[in-house]
Amino acid sequence: MARLMREREPTNRCIPINRRQAIRRFGWVSLMVLAALVSTYAALVLFVPSFGAPFMTVLWQLAPWAVAAHLLGGALALVLGPWQLNGRLRARAIGVHRWLGRGYVVAVVVGSLGALVLAPMSQEGLVTHVGFGLLAVLWLLATAQAYRSIRARDLESHRRWMIRSFAMTLAAVTLRIYLPLGLSLGIAFHDAYQVVSWLCWVPNLVVAEWLVLNSQALKSR
Ligand code: HEM
């Protein structure tokens with residue numbers, strides 16, 4: 001009976017390969033577009049004076065190097081990340097994957113150190129200071145772990161840590177989806193920003209963990 005039920009359960013294996021590839025391609029292109037939009041926004045905040053949220057003027061005065069490092073590193077990590085997840089690029093040009101990977105690691109180190117300086121100055125108090133601060137630490141640690149595992153030639157561990165690292169890089173995208181959504185629902189900025197400083201990354205990590213577990217389960221079948 002249990003066997004019969006397992007056979008009837010829809011699994012990834014039941015999805016035709018063409019459709020699976022189309023879904024993957026759609027997901028990857030969507031990632032690219034969202035990453036390009038937020039990176040362009042970050043570049044505008046970086047290079048166009050007085051562009052961006054009003055509180056940025058204060059941050060520019062208090063910690064100009066941290067702001068510049070954060071925006072530059074964050075934008076680069078966001079643009080490079082989707083390419084690192086692209087299986088075709090890895091298969092066809094492993095040298096390019098390695099160089100972009102080094103660029104991604106440097107970008108995350110620079111971006112997260114900037115974020116660590118900015119987190120205690122972030123808007124709306126202790127909740128956002130801890131939310132952004134913890135994200136910055138975990139972002140740095142996951143990326144360092146991904147780098148360490150590839151140096152040790154542990155491909156499986158490297159893949160898992162890169163998924164987690166990029167899930168956190170994507171917090172820059174999810175924050176900029178949830179915050180306007182919350183504000184448009186009439187939630188005050190004070191409350192919305194506190195919630196979003198956690199909501200932008202905790203569910204991303206849950207999805208990343210699901211992806212890691214799901215791909216392991218598929219392999220062991
Ligand atoms: C993943 C870890 C990240 C952390 C912990 C983090 C943290 C922060 C913090 C604390 C601020 C200042 C916010 C405030 O003062 O309230 C900020 C601003 C900003 N961050 Fe990040 N960030 C992260 C990733 C990224 C990435 C990947 C980008 C990509 C471009 C990015 C782009 C920006 C931009 C553009 C701002 C300026 C604020 C705005 O205009 O929206 N961040 N970040």
# chains A, B, ... in the order shown; residues from 1 in each chain; ligands from 1
call {"tool": "residues_around", "arguments": {"residues": "segment 46-54 of chain A", "least_positions_apart": "6", "cutoff": "9 Å", "atoms": "only C-alpha atoms", "output": "VMD selection string"}}
result
chain A and resid 67 to 68 71 to 72
call {"tool": "residues_near_ligand", "arguments": {"ligand": "ligand 1", "cutoff": "8 Å", "atoms": "only C-alpha atoms and all ligand atoms", "output": "number ranges by chain"}}
result
A: 35, 38-43, 45-46, 51-53, 55-56, 59, 67, 70-78, 108, 111-112, 114-124, 128-129, 131-137, 139, 168-173, 176, 201
call {"tool": "select_by_dssp", "arguments": {"residues": "segment 44-89 of chain A", "states": "helix (DSSP H, G or I)", "output": "ChimeraX atom specification"}}
result
/A:44-47,55-62,64-84,87-89
call {"tool": "write_last_selection", "arguments": {"atoms": "N, CA and C atoms", "output": "short mmCIF file (atom, residue, chain, number, x, y, z; two decimals), in the first residue's frame"}}
result
data_model
loop_
_atom_site.label_atom_id
_atom_site.label_comp_id
_atom_site.auth_asym_id
_atom_site.auth_seq_id
_atom_site.Cartn_x
_atom_site.Cartn_y
_atom_site.Cartn_z
N LEU A 44 22.49 53.75 -8.63
CA LEU A 44 21.97 55.13 -8.66
C LEU A 44 22.15 55.81 -7.30
N VAL A 45 21.88 55.03 -6.20
CA VAL A 45 22.07 55.59 -4.85
C VAL A 45 23.56 55.94 -4.66
N LEU A 46 24.42 55.08 -5.23
CA LEU A 46 25.87 55.27 -5.05
C LEU A 46 26.39 56.48 -5.83
N PHE A 47 25.93 56.62 -7.09
CA PHE A 47 26.57 57.61 -7.97
C PHE A 47 25.78 58.91 -8.17
N PHE A 55 16.86 58.94 4.51
CA PHE A 55 17.83 58.66 5.57
C PHE A 55 19.24 58.38 5.04
N MET A 56 19.36 58.16 3.73
CA MET A 56 20.69 57.89 3.17
C MET A 56 21.60 59.11 3.29
N THR A 57 21.02 60.32 3.26
CA THR A 57 21.82 61.54 3.38
C THR A 57 22.59 61.50 4.70
N VAL A 58 21.90 61.09 5.78
CA VAL A 58 22.54 61.02 7.10
C VAL A 58 23.63 59.94 7.10
N LEU A 59 23.30 58.76 6.51
CA LEU A 59 24.29 57.66 6.49
C LEU A 59 25.53 58.06 5.69
N TRP A 60 25.31 58.79 4.58
CA TRP A 60 26.47 59.24 3.79
C TRP A 60 27.38 60.12 4.64
N GLN A 61 26.78 60.95 5.53
CA GLN A 61 27.60 61.84 6.37
C GLN A 61 28.30 61.06 7.48
N LEU A 62 27.57 60.08 8.08
CA LEU A 62 28.12 59.35 9.23
C LEU A 62 29.19 58.32 8.82
N PRO A 64 30.55 57.32 5.19
CA PRO A 64 30.57 57.28 3.71
C PRO A 64 31.23 56.02 3.14
N TRP A 65 32.32 55.55 3.82
CA TRP A 65 33.02 54.38 3.28
C TRP A 65 32.19 53.11 3.42
N ALA A 66 31.47 53.04 4.54
CA ALA A 66 30.63 51.85 4.74
C ALA A 66 29.48 51.84 3.74
N VAL A 67 28.89 53.02 3.48
CA VAL A 67 27.79 53.09 2.51
C VAL A 67 28.31 52.68 1.12
N ALA A 68 29.45 53.26 0.73
CA ALA A 68 29.99 52.97 -0.61
C ALA A 68 30.34 51.49 -0.73
N ALA A 69 31.01 50.93 0.32
CA ALA A 69 31.38 49.51 0.28
C ALA A 69 30.13 48.64 0.19
N HIS A 70 29.12 48.99 0.99
CA HIS A 70 27.90 48.17 1.01
C HIS A 70 27.20 48.18 -0.35
N LEU A 71 27.05 49.37 -0.91
CA LEU A 71 26.31 49.46 -2.18
C LEU A 71 27.08 48.79 -3.32
N LEU A 72 28.39 49.01 -3.35
CA LEU A 72 29.22 48.43 -4.41
C LEU A 72 29.27 46.90 -4.29
N GLY A 73 29.59 46.43 -3.07
CA GLY A 73 29.68 44.99 -2.83
C GLY A 73 28.33 44.31 -3.03
N GLY A 74 27.27 44.91 -2.48
CA GLY A 74 25.93 44.31 -2.59
C GLY A 74 25.48 44.21 -4.04
N ALA A 75 25.68 45.30 -4.80
CA ALA A 75 25.24 45.30 -6.20
C ALA A 75 26.00 44.25 -7.01
N LEU A 76 27.32 44.15 -6.75
CA LEU A 76 28.13 43.17 -7.50
C LEU A 76 27.72 41.74 -7.15
N ALA A 77 27.52 41.47 -5.86
CA ALA A 77 27.11 40.12 -5.43
C ALA A 77 25.77 39.74 -6.06
N LEU A 78 24.88 40.71 -6.13
CA LEU A 78 23.54 40.45 -6.68
C LEU A 78 23.61 40.14 -8.18
N VAL A 79 24.50 40.85 -8.88
CA VAL A 79 24.62 40.63 -10.34
C VAL A 79 25.35 39.31 -10.63
N LEU A 80 26.37 38.98 -9.81
CA LEU A 80 27.16 37.78 -10.09
C LEU A 80 26.46 36.50 -9.64
N GLY A 81 25.66 36.60 -8.55
CA GLY A 81 25.05 35.41 -7.95
C GLY A 81 24.31 34.50 -8.93
N PRO A 82 23.38 35.04 -9.74
CA PRO A 82 22.62 34.14 -10.63
C PRO A 82 23.53 33.38 -11.60
N TRP A 83 24.64 34.00 -12.03
CA TRP A 83 25.55 33.31 -12.95
C TRP A 83 26.21 32.12 -12.26
N GLN A 84 26.47 32.25 -10.94
CA GLN A 84 27.10 31.15 -10.21
C GLN A 84 26.16 29.96 -10.06
N GLY A 87 23.89 26.21 -14.17
CA GLY A 87 24.56 24.93 -14.42
C GLY A 87 25.23 24.88 -15.78
N ARG A 88 24.62 25.53 -16.79
CA ARG A 88 25.21 25.51 -18.15
C ARG A 88 26.57 26.19 -18.16
N LEU A 89 26.63 27.35 -17.47
CA LEU A 89 27.90 28.08 -17.44
C LEU A 89 28.98 27.24 -16.75
#
call {"tool": "residues_around", "arguments": {"residues": "Trp28 of chain A", "least_positions_apart": "2", "cutoff": "9 Å", "atoms": "only C-alpha atoms", "output": "PyMOL selection string"}}
result
chain A and resi 23-26+30-33+82-83+85-86
call {"tool": "write_last_selection", "arguments": {"atoms": "C-alpha atoms", "output": "compact mmCIF listing (two decimals), in the first residue's frame"}}
result
# COMPACT_ATOMS: atom_id res chain seq x y z
CA ILE A 23 10.68 26.16 -15.30
CA ARG A 24 14.36 26.41 -14.32
CA ARG A 25 15.10 28.83 -17.17
CA PHE A 26 12.11 30.99 -16.23
CA SER A 30 13.37 36.15 -13.27
CA LEU A 31 16.28 36.16 -10.80
CA MET A 32 18.47 37.98 -13.34
CA VAL A 33 15.84 40.65 -14.00
CA PRO A 82 22.62 34.14 -10.63
CA TRP A 83 25.55 33.31 -12.95
CA LEU A 85 23.88 29.14 -9.97
CA ASN A 86 23.78 28.61 -13.74
call {"tool": "atom_distance", "arguments": {"atom1": "atom CA of Leu126 of chain A", "atom2": "atom CA of Val109 of chain A"}}
result
23.7 Å
call {"tool": "closest_residue", "arguments": {"among": "A:His97, A:Pro180, A:Trp198, A:Phe166", "to": "Val130 of chain A", "atoms": "only C-alpha atoms"}}
result
A:Trp198
call {"tool": "atom_distance", "arguments": {"atom1": "atom CA of Leu140 of chain A", "atom2": "atom CA of Val105 of chain A"}}
result
8.8 Å
call {"tool": "residues_around", "arguments": {"residues": "segment 205-207 of chain A", "least_positions_apart": "3", "cutoff": "9 Å", "atoms": "only C-alpha atoms", "output": "PyMOL selection string"}}
result
chain A and resi 163-165+167-168+201-202+210-212
call {"tool": "decode", "arguments": {"residues": "segment 82-103 of chain A", "atoms": "N, CA and C atoms", "output": "short mmCIF file (atom, residue, chain, number, x, y, z; two decimals), in the first residue's frame"}}
result
data_model
loop_
_atom_site.label_atom_id
_atom_site.label_comp_id
_atom_site.auth_asym_id
_atom_site.auth_seq_id
_atom_site.Cartn_x
_atom_site.Cartn_y
_atom_site.Cartn_z
N PRO A 82 23.38 35.04 -9.74
CA PRO A 82 22.62 34.14 -10.63
C PRO A 82 23.53 33.38 -11.60
N TRP A 83 24.64 34.00 -12.03
CA TRP A 83 25.55 33.31 -12.95
C TRP A 83 26.21 32.12 -12.26
N GLN A 84 26.47 32.25 -10.94
CA GLN A 84 27.10 31.15 -10.21
C GLN A 84 26.16 29.96 -10.06
N LEU A 85 24.85 30.24 -10.11
CA LEU A 85 23.88 29.14 -9.97
C LEU A 85 23.56 28.51 -11.33
N ASN A 86 24.10 29.08 -12.40
CA ASN A 86 23.78 28.61 -13.74
C ASN A 86 24.59 27.36 -14.10
N GLY A 87 23.89 26.21 -14.17
CA GLY A 87 24.56 24.93 -14.42
C GLY A 87 25.23 24.88 -15.78
N ARG A 88 24.62 25.53 -16.79
CA ARG A 88 25.21 25.51 -18.15
C ARG A 88 26.57 26.19 -18.16
N LEU A 89 26.63 27.35 -17.47
CA LEU A 89 27.90 28.08 -17.44
C LEU A 89 28.98 27.24 -16.75
N ARG A 90 28.57 26.57 -15.64
CA ARG A 90 29.54 25.72 -14.92
C ARG A 90 30.05 24.61 -15.82
N ALA A 91 29.11 24.01 -16.60
CA ALA A 91 29.50 22.87 -17.44
C ALA A 91 30.36 23.30 -18.61
N ARG A 92 30.06 24.47 -19.17
CA ARG A 92 30.77 24.88 -20.40
C ARG A 92 32.02 25.69 -20.15
N ALA A 93 32.04 26.44 -19.06
CA ALA A 93 33.20 27.33 -18.84
C ALA A 93 33.51 27.39 -17.35
N ILE A 94 34.12 26.33 -16.84
CA ILE A 94 34.40 26.25 -15.41
C ILE A 94 35.37 27.36 -14.97
N GLY A 95 36.24 27.78 -15.90
CA GLY A 95 37.18 28.86 -15.57
C GLY A 95 36.44 30.16 -15.28
N VAL A 96 35.42 30.45 -16.10
CA VAL A 96 34.62 31.67 -15.89
C VAL A 96 33.89 31.56 -14.54
N HIS A 97 33.33 30.35 -14.27
CA HIS A 97 32.62 30.13 -12.99
C HIS A 97 33.57 30.42 -11.81
N ARG A 98 34.82 29.96 -11.93
CA ARG A 98 35.77 30.17 -10.83
C ARG A 98 36.06 31.65 -10.61
N TRP A 99 36.29 32.38 -11.72
CA TRP A 99 36.63 33.80 -11.59
C TRP A 99 35.44 34.62 -11.08
N LEU A 100 34.24 34.31 -11.61
CA LEU A 100 33.06 35.03 -11.11
C LEU A 100 32.82 34.69 -9.63
N GLY A 101 33.14 33.44 -9.27
CA GLY A 101 32.98 33.01 -7.88
C GLY A 101 33.89 33.80 -6.95
N ARG A 102 35.14 34.00 -7.39
CA ARG A 102 36.07 34.81 -6.56
C ARG A 102 35.52 36.23 -6.42
N GLY A 103 35.00 36.75 -7.55
CA GLY A 103 34.42 38.11 -7.52
C GLY A 103 33.24 38.16 -6.56
#
